[in-house]
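Q: Input coords-v4.txt, format and content: compact mmCIF, C-alpha atoms.
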```txt
# COMPACT_ATOMS: atom_id res chain seq x y z
CA MET A 1 85.68 148.16 101.35
CA LEU A 2 88.22 146.48 103.60
CA THR A 3 92.00 146.86 103.38
CA ASP A 4 94.75 144.52 104.59
CA VAL A 5 95.98 147.20 107.01
CA GLN A 6 92.52 147.51 108.56
CA ILE A 7 92.22 143.74 108.91
CA ARG A 8 95.64 143.36 110.55
CA LYS A 9 94.92 146.10 113.07
CA ILE A 10 91.57 144.79 114.24
CA LYS A 11 91.70 143.17 117.68
CA PRO A 12 89.33 140.47 118.95
CA THR A 13 86.78 141.37 121.60
CA ASP A 14 84.61 139.30 123.89
CA LYS A 15 81.96 139.23 121.17
CA PRO A 16 82.16 138.28 117.44
CA GLN A 17 82.81 141.26 115.14
CA ARG A 18 81.69 141.63 111.57
CA LEU A 19 83.63 143.78 109.09
CA SER A 20 81.80 144.27 105.78
CA ASP A 21 83.58 144.39 102.44
CA SER A 22 81.06 144.58 99.59
CA ASN A 23 78.01 142.82 98.13
CA GLY A 24 77.47 140.51 101.10
CA LEU A 25 81.16 139.67 101.66
CA TYR A 26 82.44 140.20 105.19
CA LEU A 27 85.07 139.09 107.69
CA LEU A 28 83.93 137.51 110.96
CA ILE A 29 86.41 138.01 113.86
CA ASN A 30 85.79 135.57 116.71
CA PRO A 31 86.76 136.18 120.37
CA ASN A 32 89.54 133.59 120.01
CA GLY A 33 91.16 135.66 117.26
CA SER A 34 90.19 133.51 114.26
CA LYS A 35 89.11 135.45 111.18
CA TRP A 36 86.59 133.81 108.81
CA TRP A 37 85.46 135.04 105.41
CA ARG A 38 81.71 134.82 104.85
CA LEU A 39 79.44 135.61 101.92
CA ASP A 40 75.72 136.22 102.35
CA TYR A 41 73.53 135.64 99.27
CA SER A 42 69.95 134.85 98.34
CA ILE A 43 68.77 132.05 96.02
CA ASN A 44 65.23 130.93 95.32
CA GLY A 45 64.04 133.52 97.82
CA ARG A 46 66.09 132.06 100.69
CA ARG A 47 69.03 133.68 102.46
CA LYS A 48 72.23 131.61 102.55
CA THR A 49 75.74 132.03 103.93
CA LEU A 50 78.88 130.58 102.35
CA SER A 51 82.20 130.13 104.15
CA LEU A 52 85.20 131.19 102.02
CA GLY A 53 88.11 130.29 104.32
CA THR A 54 90.18 132.06 106.96
CA TYR A 55 92.39 135.14 106.88
CA PRO A 56 95.35 135.36 106.17
CA THR A 57 95.37 131.88 104.54
CA VAL A 58 92.83 133.26 102.09
CA THR A 59 93.93 136.78 101.21
CA LEU A 60 91.63 139.71 100.64
CA SER A 61 92.31 139.55 96.90
CA ASP A 62 91.63 135.78 96.75
CA VAL A 63 88.39 136.00 98.70
CA ARG A 64 87.03 138.71 96.42
CA ASN A 65 87.67 136.45 93.40
CA LYS A 66 85.91 133.58 95.19
CA ALA A 67 82.98 135.87 95.97
CA ILE A 68 82.71 136.89 92.31
CA GLU A 69 82.60 133.20 91.25
CA ALA A 70 79.92 132.48 93.83
CA ARG A 71 77.79 135.44 92.70
CA GLN A 72 78.09 134.30 89.07
CA GLN A 73 76.76 130.88 90.07
CA VAL A 74 73.85 132.46 91.93
CA ALA A 75 73.04 134.54 88.84
CA LYS A 76 72.73 131.24 86.90
CA GLY A 77 70.43 129.76 89.54
CA ILE A 78 73.18 127.52 90.96
CA ASN A 79 73.62 127.31 94.71
CA PRO A 80 77.38 127.67 95.36
CA SER A 81 76.95 125.81 98.64
CA ASP A 82 75.64 122.78 96.74
CA THR A 83 78.48 123.05 94.24
CA ARG A 84 81.00 122.99 97.08
CA LYS A 85 79.32 119.94 98.68
CA GLU A 86 79.42 118.10 95.35
CA ALA A 87 83.09 118.98 94.89
CA LYS A 88 83.90 117.72 98.37
CA ALA A 89 81.94 114.53 97.78
CA THR A 90 83.78 114.01 94.50
CA GLN A 91 87.10 114.50 96.23
CA ARG A 92 86.17 112.10 99.02
CA ALA A 93 85.06 109.54 96.45
CA LYS A 94 88.33 109.96 94.58
CA ILE A 95 90.35 109.35 97.72
CA GLU A 96 88.17 106.36 98.68
CA ASN A 97 88.47 104.90 95.18
CA GLU A 98 92.24 105.22 95.28
CA LYS A 99 92.22 103.25 98.52
CA ARG A 100 89.87 100.64 97.03
CA ILE A 101 92.04 100.24 93.93
CA ASP A 102 95.12 99.76 96.11
CA ALA A 103 93.19 97.09 98.05
CA GLY A 104 92.05 95.37 94.86
CA LEU A 105 88.40 96.40 95.29
CA PRO A 106 86.07 97.87 92.61
CA VAL A 107 85.54 101.63 92.62
CA ILE A 108 82.35 103.04 94.13
CA ASN A 109 79.24 102.87 91.92
CA SER A 110 81.13 101.03 89.19
CA PHE A 111 79.48 98.05 87.51
CA ALA A 112 81.67 95.67 89.54
CA CYS A 113 80.87 97.42 92.83
CA VAL A 114 77.11 97.34 92.24
CA ALA A 115 77.29 93.78 90.89
CA MET A 116 79.04 92.46 93.99
CA ASP A 117 76.52 94.25 96.20
CA TRP A 118 73.68 92.67 94.21
CA TYR A 119 75.39 89.27 94.41
CA GLU A 120 75.76 89.43 98.19
CA ASN A 121 72.10 90.40 98.63
CA HIS A 122 70.45 88.06 96.12
CA MET A 123 72.57 84.92 95.76
CA THR A 124 72.70 83.68 99.36
CA ALA A 125 69.56 81.56 98.95
CA LYS A 126 70.89 79.87 95.82
CA SER A 127 72.88 76.65 95.70
CA SER A 128 76.65 76.92 95.88
CA SER A 129 77.01 75.68 92.30
CA TYR A 130 74.56 78.33 91.05
CA GLN A 131 76.42 81.01 93.01
CA ALA A 132 79.73 79.83 91.57
CA ASN A 133 78.30 79.92 88.04
CA VAL A 134 77.05 83.51 88.40
CA LYS A 135 80.31 84.66 89.98
CA ALA A 136 82.30 83.03 87.18
CA HIS A 137 80.30 84.94 84.53
CA LEU A 138 80.79 88.20 86.41
CA HIS A 139 84.55 87.82 86.75
CA LYS A 140 85.19 86.20 83.37
CA ASP A 141 82.73 87.92 81.04
CA LEU A 142 81.65 91.27 82.53
CA PHE A 143 84.24 92.70 84.92
CA PRO A 144 87.24 92.70 82.53
CA SER A 145 85.41 94.96 80.04
CA ILE A 146 82.96 97.10 82.01
CA GLY A 147 83.74 96.35 85.67
CA ASN A 148 85.44 99.67 86.43
CA ILE A 149 83.04 101.86 84.43
CA PRO A 150 80.46 103.75 86.51
CA LEU A 151 77.15 101.93 86.15
CA ALA A 152 75.36 105.09 85.02
CA GLU A 153 77.91 105.69 82.24
CA ILE A 154 77.79 102.27 80.57
CA GLU A 155 76.35 102.52 77.07
CA ALA A 156 74.29 99.86 75.31
CA LYS A 157 76.98 99.51 72.63
CA GLN A 158 79.65 98.68 75.22
CA LEU A 159 77.59 95.94 76.83
CA PHE A 160 76.45 94.57 73.47
CA GLU A 161 80.08 94.13 72.39
CA VAL A 162 80.71 92.10 75.54
CA LEU A 163 77.69 89.90 74.84
CA LYS A 164 78.68 89.31 71.21
CA VAL A 165 81.99 87.91 72.43
CA CYS A 166 80.06 85.62 74.77
CA GLU A 167 77.95 84.43 71.83
CA LEU A 168 81.07 82.87 70.34
CA ARG A 169 80.83 80.33 73.19
CA GLY A 170 77.10 79.80 72.66
CA ALA A 171 73.84 81.74 72.51
CA ALA A 172 72.75 80.35 75.88
CA ILE A 173 75.89 81.71 77.54
CA ALA A 174 75.38 85.18 76.05
CA ARG A 175 71.77 85.26 77.22
CA LYS A 176 72.79 84.13 80.72
CA VAL A 177 75.43 86.88 80.92
CA CYS A 178 72.86 89.41 79.66
CA TRP A 179 70.41 88.25 82.34
CA ILE A 180 73.05 88.79 85.04
CA ALA A 181 73.82 92.28 83.72
CA GLU A 182 70.11 93.04 83.62
CA GLN A 183 69.77 92.15 87.32
CA VAL A 184 72.72 94.42 88.21
CA PHE A 185 71.26 97.42 86.37
CA ARG A 186 67.84 96.77 87.90
CA TYR A 187 69.47 96.69 91.33
CA GLY A 188 71.12 100.06 90.64
CA ILE A 189 67.89 101.86 89.71
CA PRO A 190 67.13 104.61 90.76
CA ASP A 191 69.98 105.46 93.14
CA ILE A 192 72.92 104.78 90.82
CA CYS A 193 71.57 104.62 87.28
CA SER A 194 68.38 105.73 85.56
CA HIS A 195 67.60 102.88 83.17
CA ASN A 196 68.42 99.25 82.42
CA VAL A 197 70.87 99.08 79.53
CA ALA A 198 70.83 95.28 79.42
CA ALA A 199 67.05 95.18 79.08
CA ASP A 200 67.35 97.55 76.10
CA ILE A 201 69.51 95.15 74.06
CA LYS A 202 68.63 91.60 75.12
CA HIS A 203 66.23 91.25 72.17
CA LYS A 204 69.20 91.61 69.80
CA LEU A 205 70.87 88.42 71.05
CA ALA A 206 70.55 85.15 69.20
CA ALA A 207 67.90 82.83 70.58
CA SER A 208 69.07 79.92 72.74
CA PRO A 209 68.76 76.53 71.05
CA LYS A 210 65.87 74.36 72.20
CA THR A 211 66.89 72.04 74.97
CA SER A 212 66.56 68.30 74.48
CA HIS A 213 65.96 65.52 76.95
CA HIS A 214 69.00 64.16 78.75
CA PRO A 215 70.13 60.92 77.08
CA ALA A 216 69.63 57.96 79.43
CA ILE A 217 70.18 54.23 79.22
CA THR A 218 67.08 52.34 80.30
CA ASP A 219 67.80 48.91 78.82
CA PRO A 220 69.02 46.58 81.63
CA ILE A 221 71.66 44.93 79.43
CA GLU A 222 73.17 48.26 78.38
CA LEU A 223 72.88 49.52 81.95
CA ALA A 224 74.87 46.51 83.20
CA LYS A 225 77.75 47.46 80.89
CA LEU A 226 77.59 51.10 82.01
CA LEU A 227 77.77 50.07 85.67
CA ARG A 228 80.82 47.89 85.01
CA ASP A 229 82.46 50.75 83.11
CA LEU A 230 81.88 53.04 86.08
CA ASP A 231 83.58 50.53 88.39
CA ASN A 232 86.54 50.38 85.97
CA TYR A 233 86.88 54.15 85.60
CA SER A 234 90.59 54.98 85.73
CA GLY A 235 90.39 58.67 86.56
CA SER A 236 90.23 60.48 89.89
CA PHE A 237 88.98 58.43 92.84
CA VAL A 238 86.67 61.29 93.84
CA VAL A 239 85.11 61.42 90.36
CA LYS A 240 84.87 57.62 90.24
CA SER A 241 83.06 57.61 93.59
CA ALA A 242 80.59 60.24 92.35
CA LEU A 243 79.90 58.21 89.21
CA GLN A 244 79.36 55.03 91.24
CA LEU A 245 77.04 56.77 93.71
CA ALA A 246 75.01 58.57 91.03
CA PRO A 247 72.92 55.55 89.91
CA LEU A 248 72.36 54.46 93.52
CA VAL A 249 70.83 57.75 94.68
CA PHE A 250 69.66 59.22 91.29
CA VAL A 251 69.58 62.80 92.59
CA ARG A 252 70.09 65.82 90.35
CA PRO A 253 73.77 66.24 89.34
CA SER A 254 73.90 69.68 90.98
CA GLU A 255 72.71 68.13 94.26
CA LEU A 256 75.20 65.28 93.99
CA ILE A 257 78.29 67.45 93.49
CA ASN A 258 77.13 69.77 96.31
CA ALA A 259 76.76 66.93 98.83
CA GLN A 260 78.23 67.85 102.22
CA TRP A 261 79.51 65.51 104.91
CA GLN A 262 77.46 67.29 107.57
CA HIS A 263 74.30 66.09 105.82
CA ILE A 264 75.35 62.42 105.64
CA ASN A 265 74.24 60.34 108.63
CA PHE A 266 75.99 56.96 108.71
CA GLU A 267 73.98 55.81 111.73
CA THR A 268 70.52 56.36 110.23
CA LYS A 269 71.88 55.70 106.73
CA GLU A 270 70.31 58.85 105.34
CA TRP A 271 71.37 61.88 103.36
CA ARG A 272 69.22 64.89 104.21
CA TYR A 273 69.55 68.21 102.40
CA PHE A 274 67.60 71.17 101.02
CA VAL A 275 66.52 71.00 97.37
CA THR A 276 66.86 74.51 95.94
CA LYS A 277 64.80 73.75 92.83
CA THR A 278 61.70 72.72 94.77
CA LYS A 279 62.55 74.70 97.91
CA SER A 280 61.98 71.66 100.11
CA GLU A 281 63.85 69.28 102.38
CA HIS A 282 64.72 65.91 100.89
CA ILE A 283 65.74 62.55 102.34
CA VAL A 284 67.78 59.99 100.43
CA PRO A 285 67.85 56.58 102.15
CA LEU A 286 71.35 55.15 101.67
CA SER A 287 71.70 51.51 100.69
CA LYS A 288 74.55 49.43 102.07
CA GLN A 289 76.27 49.84 98.68
CA ALA A 290 76.00 53.64 98.92
CA ILE A 291 77.29 53.58 102.50
CA GLU A 292 80.32 51.56 101.39
CA ILE A 293 81.19 54.07 98.67
CA LEU A 294 80.81 57.00 101.06
CA SER A 295 82.79 55.29 103.82
CA ASN A 296 85.74 54.70 101.50
CA LEU A 297 85.57 58.26 100.18
CA LYS A 298 85.38 59.74 103.71
CA LEU A 299 88.93 58.51 104.32
CA LEU A 300 90.06 60.88 101.55
CA THR A 301 87.73 63.91 101.76
CA GLY A 302 86.25 63.56 105.25
CA ASN A 303 88.09 66.65 106.53
CA SER A 304 86.65 68.81 103.75
CA ARG A 305 83.25 70.44 103.59
CA TYR A 306 82.13 68.67 100.44
CA VAL A 307 81.87 64.93 99.87
CA PHE A 308 83.31 65.20 96.36
CA SER A 309 85.81 67.92 97.18
CA ILE A 310 88.80 69.12 95.20
CA THR A 311 89.97 71.47 97.95
CA ASN A 312 88.46 72.33 101.34
CA ASN A 313 86.01 74.77 99.78
CA GLU A 314 85.63 73.47 96.21
CA HIS A 315 83.92 70.43 94.74
CA ILE A 316 83.87 68.71 91.38
CA THR A 317 81.55 70.08 88.70
CA LYS A 318 78.73 68.61 86.61
CA GLU A 319 80.96 69.10 83.58
CA THR A 320 83.56 66.82 85.17
CA LEU A 321 81.03 64.01 85.42
CA SER A 322 79.77 64.61 81.89
CA LEU A 323 83.30 64.58 80.48
CA ALA A 324 84.05 61.32 82.30
CA LEU A 325 81.06 59.66 80.60
CA VAL A 326 82.15 61.06 77.24
CA ARG A 327 85.62 59.57 77.70
CA MET A 328 83.99 56.22 78.43
CA ASP A 329 82.25 56.47 75.03
CA TYR A 330 78.79 57.38 76.34
CA LYS A 331 78.46 60.69 74.50
CA ASP A 332 74.87 61.17 73.30
CA ARG A 333 73.96 57.91 75.06
CA HIS A 334 73.93 58.78 78.76
CA THR A 335 74.47 61.84 80.96
CA PRO A 336 74.83 62.38 84.73
CA HIS A 337 71.21 63.55 84.76
CA GLY A 338 70.23 60.43 82.85
CA PHE A 339 70.56 58.27 85.97
CA ARG A 340 67.26 59.79 87.13
CA ALA A 341 65.42 58.65 84.01
CA THR A 342 67.10 55.26 84.26
CA ALA A 343 65.87 54.75 87.82
CA ARG A 344 62.40 56.12 87.13
CA THR A 345 61.89 53.81 84.14
CA ILE A 346 63.29 50.56 85.55
CA LEU A 347 61.86 50.98 89.06
CA ASP A 348 58.42 51.30 87.51
CA GLU A 349 58.46 49.11 84.42
CA VAL A 350 60.86 46.35 85.51
CA LEU A 351 60.81 46.26 89.31
CA GLY A 352 57.20 47.33 89.69
CA PHE A 353 57.48 49.92 92.47
CA ARG A 354 54.65 52.40 92.98
CA PRO A 355 55.09 55.55 90.87
CA ASP A 356 54.41 57.85 93.82
CA PHE A 357 57.25 56.22 95.79
CA ILE A 358 59.54 56.83 92.83
CA GLU A 359 58.40 60.44 92.38
CA HIS A 360 58.96 61.13 96.07
CA GLN A 361 62.48 59.76 95.81
CA LEU A 362 63.15 61.86 92.73
CA ALA A 363 62.29 64.91 94.89
CA HIS A 364 59.42 65.84 92.58
CA ALA A 365 56.40 67.71 93.91
CA VAL A 366 53.86 65.00 94.78
CA LYS A 367 50.38 65.82 96.09
CA ASP A 368 47.76 63.71 97.81
CA ALA A 369 44.14 63.25 96.72
CA ASN A 370 43.23 66.59 98.32
CA GLY A 371 45.92 68.47 96.44
CA ARG A 372 48.21 68.84 99.46
CA ALA A 373 51.94 68.34 99.08
CA TYR A 374 53.35 65.34 100.93
CA ASN A 375 56.08 66.09 103.44
CA ARG A 376 59.64 64.82 103.09
CA THR A 377 59.09 61.78 105.31
CA SER A 378 56.14 60.44 103.30
CA HIS A 379 56.48 56.69 102.67
CA LEU A 380 60.02 56.79 104.04
CA PRO A 381 60.08 53.10 105.18
CA GLU A 382 58.84 51.97 101.77
CA ARG A 383 61.32 54.23 99.98
CA THR A 384 64.13 52.89 102.15
CA ARG A 385 63.28 49.32 101.10
CA MET A 386 62.99 50.47 97.49
CA MET A 387 66.44 52.06 97.52
CA GLN A 388 68.06 48.92 98.92
CA SER A 389 66.21 46.75 96.41
CA TRP A 390 67.36 49.08 93.63
CA ALA A 391 70.99 48.84 94.76
CA ASP A 392 70.76 45.04 94.92
CA TYR A 393 69.23 44.99 91.45
CA LEU A 394 72.15 47.02 90.08
CA ASP A 395 74.63 44.65 91.72
CA ASN A 396 72.88 41.71 90.07
CA LEU A 397 73.02 43.46 86.71
CA LYS A 398 76.77 43.97 87.03
CA ALA A 399 77.22 40.31 87.95
CA ASP A 400 75.11 39.18 84.96
CA ALA A 401 72.77 37.45 87.41
CA GLU A 402 69.16 36.69 86.58
CA VAL A 403 67.04 39.60 87.75
CA ILE A 404 63.57 38.92 89.07
CA ALA A 405 61.00 41.72 89.04
CA PHE A 406 59.74 42.79 92.46
CA LYS A 407 56.12 42.84 93.42
CA LYS A 408 54.69 46.32 93.77
CA ILE A 409 54.70 47.67 97.29
CA GLY A 410 51.49 49.28 98.56
```
So that I can check it, write out the structure of this file as structure tokens.

A:
Amino acid sequence: MLTDVQIRKIKPTDKPQRLSDSNGLYLLINPNGSKWWRLDYSINGRRKTLSLGTYPTVTLSDVRNKAIEARQQVAKGINPSDTRKEAKATQRAKIENEKRIDAGLPVINSFACVAMDWYENHMTAKSSSYQANVKAHLHKDLFPSIGNIPLAEIEAKQLFEVLKVCELRGAAIARKVCWIAEQVFRYGIPDICSHNVAADIKHKLAASPKTSHHPAITDPIELAKLLRDLDNYSGSFVVKSALQLAPLVFVRPSELINAQWQHINFETKEWRYFVTKTKSEHIVPLSKQAIEILSNLKLLTGNSRYVFSITNNEHITKETLSLALVRMDYKDRHTPHGFRATARTILDEVLGFRPDFIEHQLAHAVKDANGRAYNRTSHLPERTRMMQSWADYLDNLKADAEVIAFKKIG
């Protein structure tokens, strides 16, 4: 066995030297004078070598203790080289996580870290309002409780407690939050976690209440009063403009609040955008009344991305429009989505326009006699005339003028 005196006296040569100690432990002296401790061992029938540091930083006594620990691991079927790699990886992760925490970022492989990775990879094709809704649930409902817990360590009980708190705001909210968590766990399998905790407990949540149809005013006399109330709305000018435009274009509320100036063409008098729900392009011909509303609003929000913007990168919400109608005493009588039913009913039953023109303008999937979907420009001239006639009809209603039904086109 080696002694400290022997090690200190050894001189480097032009070739590496190997001084054996015991049971596979030896000191490797390189031509440059460096002295490295090495341990040879066999595991699973394969010969391995483990580096144990340099002399004199690691003393002879210390290296023998390290060698004993390594041999004990081998005796248990554990590869000490793998153990060291895992320890180094853990240390690197610890250092990286400390940096991430200082920078306000979630720790590696935590629920929040995996969730944000899932969000970036799966939400880009969704509408901005849908993205904002999912992000809000992540940051408000999930991250505060389980965000910093490693995904693989989250227990069903922990997540269920989070969801029960969400249920206090409604069964539908809890089920939506559970669905988001389920997607995050699914995204983490198999690299980060082994099973989907959210899928294990979703059956324990209360069922969402059955949805009802959106209340809508379809009587012309009642509609006339609603239109006058919209013109007299005393709240925000941006919200008022959205409410006034809603009956003229009768698009889905989510599409209305997400309207962007880059998609509005004042020369062609068209609003062209992508409908996420049907995954298709849509064209809304803009009547002179709609153009007037948008022109006035452009003076206020024209430098922002969104038509109905609050800040440069934020727009009003569907809830804002709903609350405005509630304050005008239309609760349970009419909703922002109800403008679609209003237009569909009166355009058909009162004004006599062809149902397929109406369905096209509602951005519904319409097929021809051969079962092929019409493209976005189908019947565009007729739809343009229909939209202007509709806007004129609404003006006449507000003015209490006699309204004459139009003859069906086509």

Q: Quote the spacing between atom CA of Arg385 of chain A and atom CA of Ser287 of chain A in Å to one decimal place.

A: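 Going from atom CA of Arg385 of chain A over to atom CA of Ser287 of chain A, I get 8.7 Å.
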
Q: Mind listing as a list in words all residues within 12 Å of (91.5, 147.4, 102.4), counting all atoms listed in the file?

A: Met1, Leu2, Thr3, Asp4, Val5, Gln6, Ile7, Arg8, Lys9, Leu19, Ser20, Asp21, Ser22, Tyr26, Leu27, Thr59, Leu60, Ser61 and Arg64 of chain A

Q: Grab the atom CA of Lys157 of chain A to atom CA of His203 of chain A distance for me, in Å with one decimal place.

A: 13.6 Å

Q: My list of candidates is A:His263, A:Lys269, A:Arg252, A:Lys288. Which is closest to Lys318 of chain A when distances are computed with all atoms listed in the file?

A: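 That would be A:Arg252, the residue with the smallest distance to Lys318 of chain A.
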
Q: What separation in Å, quoted to one decimal, exists between atom CA of Leu163 of chain A and atom CA of Leu321 of chain A?

A: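 Distance reported for this atom pair: 28.2 Å.
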
Q: Residues within 7 Å of Asp332 of chain A, please, as a list in words. Count only C-alpha atoms; anything in the same chain fewer than 2 positions from it doesn't count.

A: Pro215, Tyr330 and His334 of chain A

Q: Could you take the residues named above and write them with C-alpha atoms, as a compact mmCIF listing (two decimals), in the frame of the given file?

A:
```
# COMPACT_ATOMS: atom_id res chain seq x y z
CA PRO A 215 70.13 60.92 77.08
CA TYR A 330 78.79 57.38 76.34
CA HIS A 334 73.93 58.78 78.76
```

Q: Just checking: using all atoms listed in the file, which residue out of A:Leu325, A:Ile78, A:Ile101, A:Leu347 ends up closest to Ser42 of chain A?

A: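 Ranked by minimum distance to Ser42 of chain A, first place goes to A:Ile78.
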
Q: Skip Leu142 of chain A itself and residues of its chain fewer than 6 positions away, then list as a PyMOL selection string all residues within 9 Å of it, counting all atoms listed in the file.

A: chain A and resi 111-112+159+162-163+177+181

Q: Restricting the calculation to all atoms listed in the file, which member of A:Pro220, A:Asn313, A:Thr320, A:Asn65 is positioned closest to Leu351 of chain A?

A: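 Of all the options, A:Pro220 lies closest to Leu351 of chain A.
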
Q: So which residues touch Ala246 of chain A within 10 Å, counting all atoms listed in the file, skipping near sequence neighbours fewer than 5 positions away, as a ChimeraX atom specification?

A: /A:240-241,251-253,256-257,290,321,336-340

Q: Using only C-alpha atoms, please write the residues we just selected to a file, as a PDB file, in the coordinates of the input.

A:
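Output file selection_39.pdb is given in full below:
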```pdb
ATOM      1  CA  LYS A 240      84.870  57.620  90.240  1.00  0.00           C
ATOM      2  CA  SER A 241      83.060  57.610  93.590  1.00  0.00           C
ATOM      3  CA  VAL A 251      69.580  62.800  92.590  1.00  0.00           C
ATOM      4  CA  ARG A 252      70.090  65.820  90.350  1.00  0.00           C
ATOM      5  CA  PRO A 253      73.770  66.240  89.340  1.00  0.00           C
ATOM      6  CA  LEU A 256      75.200  65.280  93.990  1.00  0.00           C
ATOM      7  CA  ILE A 257      78.290  67.450  93.490  1.00  0.00           C
ATOM      8  CA  ALA A 290      76.000  53.640  98.920  1.00  0.00           C
ATOM      9  CA  LEU A 321      81.030  64.010  85.420  1.00  0.00           C
ATOM     10  CA  PRO A 336      74.830  62.380  84.730  1.00  0.00           C
ATOM     11  CA  HIS A 337      71.210  63.550  84.760  1.00  0.00           C
ATOM     12  CA  GLY A 338      70.230  60.430  82.850  1.00  0.00           C
ATOM     13  CA  PHE A 339      70.560  58.270  85.970  1.00  0.00           C
ATOM     14  CA  ARG A 340      67.260  59.790  87.130  1.00  0.00           C
TER      15      ARG A 340
END
```

Q: May I have the residues within 12 Å of Asp141 of chain A as a list in words, using only C-alpha atoms and disregarding those fewer than 5 positions away in the same chain?

A: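 So the residues in contact are Ala112, Asn133, Val134, Lys135, Ala136, Ile146, Gly147, Leu159, Phe160, Glu161, Val162, Leu163, Lys164, Val165, Cys166, Glu167, Leu168, Arg169, Ile173, Ala174, Arg175, Lys176, Val177, Cys178, Ile180 and Ala181 of chain A.
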
Q: Please identify all polymer residues within 12 Å of segment 84-99 of chain A, counting all atoms listed in the file, omitting same-chain residues fewer than 2 positions from it, and present them as a VMD selection string.

A: chain A and resid 50 to 52 66 69 to 70 73 78 to 82 101 to 110 113 148 150

Q: In terms of the shortest atom-to-atom distance over only C-alpha atoms, which of A:Val326, A:Ile189, A:Ile68, A:Leu223 is closest to Gly24 of chain A?

A: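 Of A:Val326, A:Ile189, A:Ile68, A:Leu223, the one nearest Gly24 of chain A is A:Ile68, counting only C-alpha atoms.
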
Q: Nearest residue to Ala172 of chain A out of A:Ala207, A:Val114, A:Ala75, A:Ala343, using only C-alpha atoms?

A: A:Ala207

Q: Could you check which of A:Ala242, A:Leu205, A:Ala199, A:Leu28 is closest to Leu297 of chain A, using only C-alpha atoms?

A: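 Using only C-alpha atoms, the shortest distance to Leu297 of chain A belongs to A:Ala242.
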
Q: Can I get a file of segment 96-109 of chain A from the given structure, N, CA and C atoms kept, as a PDB file, in the first residue's frame?

A:
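Listed below is the output, selection-v7.pdb:
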```pdb
ATOM      1  N   GLU A  96     -29.039  26.275 -11.054  1.00  0.00           N
ATOM      2  CA  GLU A  96     -29.882  26.858 -12.097  1.00  0.00           C
ATOM      3  C   GLU A  96     -31.209  27.346 -11.515  1.00  0.00           C
ATOM      4  N   ASN A  97     -31.771  26.560 -10.587  1.00  0.00           N
ATOM      5  CA  ASN A  97     -33.036  26.957  -9.974  1.00  0.00           C
ATOM      6  C   ASN A  97     -32.884  28.215  -9.123  1.00  0.00           C
ATOM      7  N   GLU A  98     -31.741  28.323  -8.460  1.00  0.00           N
ATOM      8  CA  GLU A  98     -31.496  29.544  -7.672  1.00  0.00           C
ATOM      9  C   GLU A  98     -31.461  30.764  -8.588  1.00  0.00           C
ATOM     10  N   LYS A  99     -30.843  30.589  -9.759  1.00  0.00           N
ATOM     11  CA  LYS A  99     -30.802  31.690 -10.723  1.00  0.00           C
ATOM     12  C   LYS A  99     -32.203  32.006 -11.244  1.00  0.00           C
ATOM     13  N   ARG A 100     -32.998  30.955 -11.502  1.00  0.00           N
ATOM     14  CA  ARG A 100     -34.347  31.153 -12.026  1.00  0.00           C
ATOM     15  C   ARG A 100     -35.244  31.837 -11.000  1.00  0.00           C
ATOM     16  N   ILE A 101     -35.089  31.445  -9.745  1.00  0.00           N
ATOM     17  CA  ILE A 101     -35.887  32.077  -8.684  1.00  0.00           C
ATOM     18  C   ILE A 101     -35.539  33.552  -8.571  1.00  0.00           C
ATOM     19  N   ASP A 102     -34.235  33.852  -8.636  1.00  0.00           N
ATOM     20  CA  ASP A 102     -33.805  35.261  -8.573  1.00  0.00           C
ATOM     21  C   ASP A 102     -34.369  36.060  -9.741  1.00  0.00           C
ATOM     22  N   ALA A 103     -34.535  35.386 -10.895  1.00  0.00           N
ATOM     23  CA  ALA A 103     -35.048  36.066 -12.087  1.00  0.00           C
ATOM     24  C   ALA A 103     -36.579  36.030 -12.161  1.00  0.00           C
ATOM     25  N   GLY A 104     -37.214  35.434 -11.146  1.00  0.00           N
ATOM     26  CA  GLY A 104     -38.669  35.368 -11.135  1.00  0.00           C
ATOM     27  C   GLY A 104     -39.243  34.295 -12.029  1.00  0.00           C
ATOM     28  N   LEU A 105     -38.447  33.274 -12.366  1.00  0.00           N
ATOM     29  CA  LEU A 105     -38.887  32.189 -13.240  1.00  0.00           C
ATOM     30  C   LEU A 105     -39.178  30.930 -12.422  1.00  0.00           C
ATOM     31  N   PRO A 106     -40.057  30.040 -12.909  1.00  0.00           N
ATOM     32  CA  PRO A 106     -40.350  28.800 -12.181  1.00  0.00           C
ATOM     33  C   PRO A 106     -39.167  27.844 -12.223  1.00  0.00           C
ATOM     34  N   VAL A 107     -39.034  27.022 -11.186  1.00  0.00           N
ATOM     35  CA  VAL A 107     -37.916  26.089 -11.115  1.00  0.00           C
ATOM     36  C   VAL A 107     -38.119  24.969 -12.134  1.00  0.00           C
ATOM     37  N   ILE A 108     -37.015  24.361 -12.530  1.00  0.00           N
ATOM     38  CA  ILE A 108     -37.026  23.325 -13.567  1.00  0.00           C
ATOM     39  C   ILE A 108     -37.901  22.145 -13.155  1.00  0.00           C
ATOM     40  N   ASN A 109     -38.719  21.683 -14.098  1.00  0.00           N
ATOM     41  CA  ASN A 109     -39.593  20.517 -13.923  1.00  0.00           C
ATOM     42  C   ASN A 109     -40.687  20.711 -12.876  1.00  0.00           C
TER      43      ASN A 109
END
```
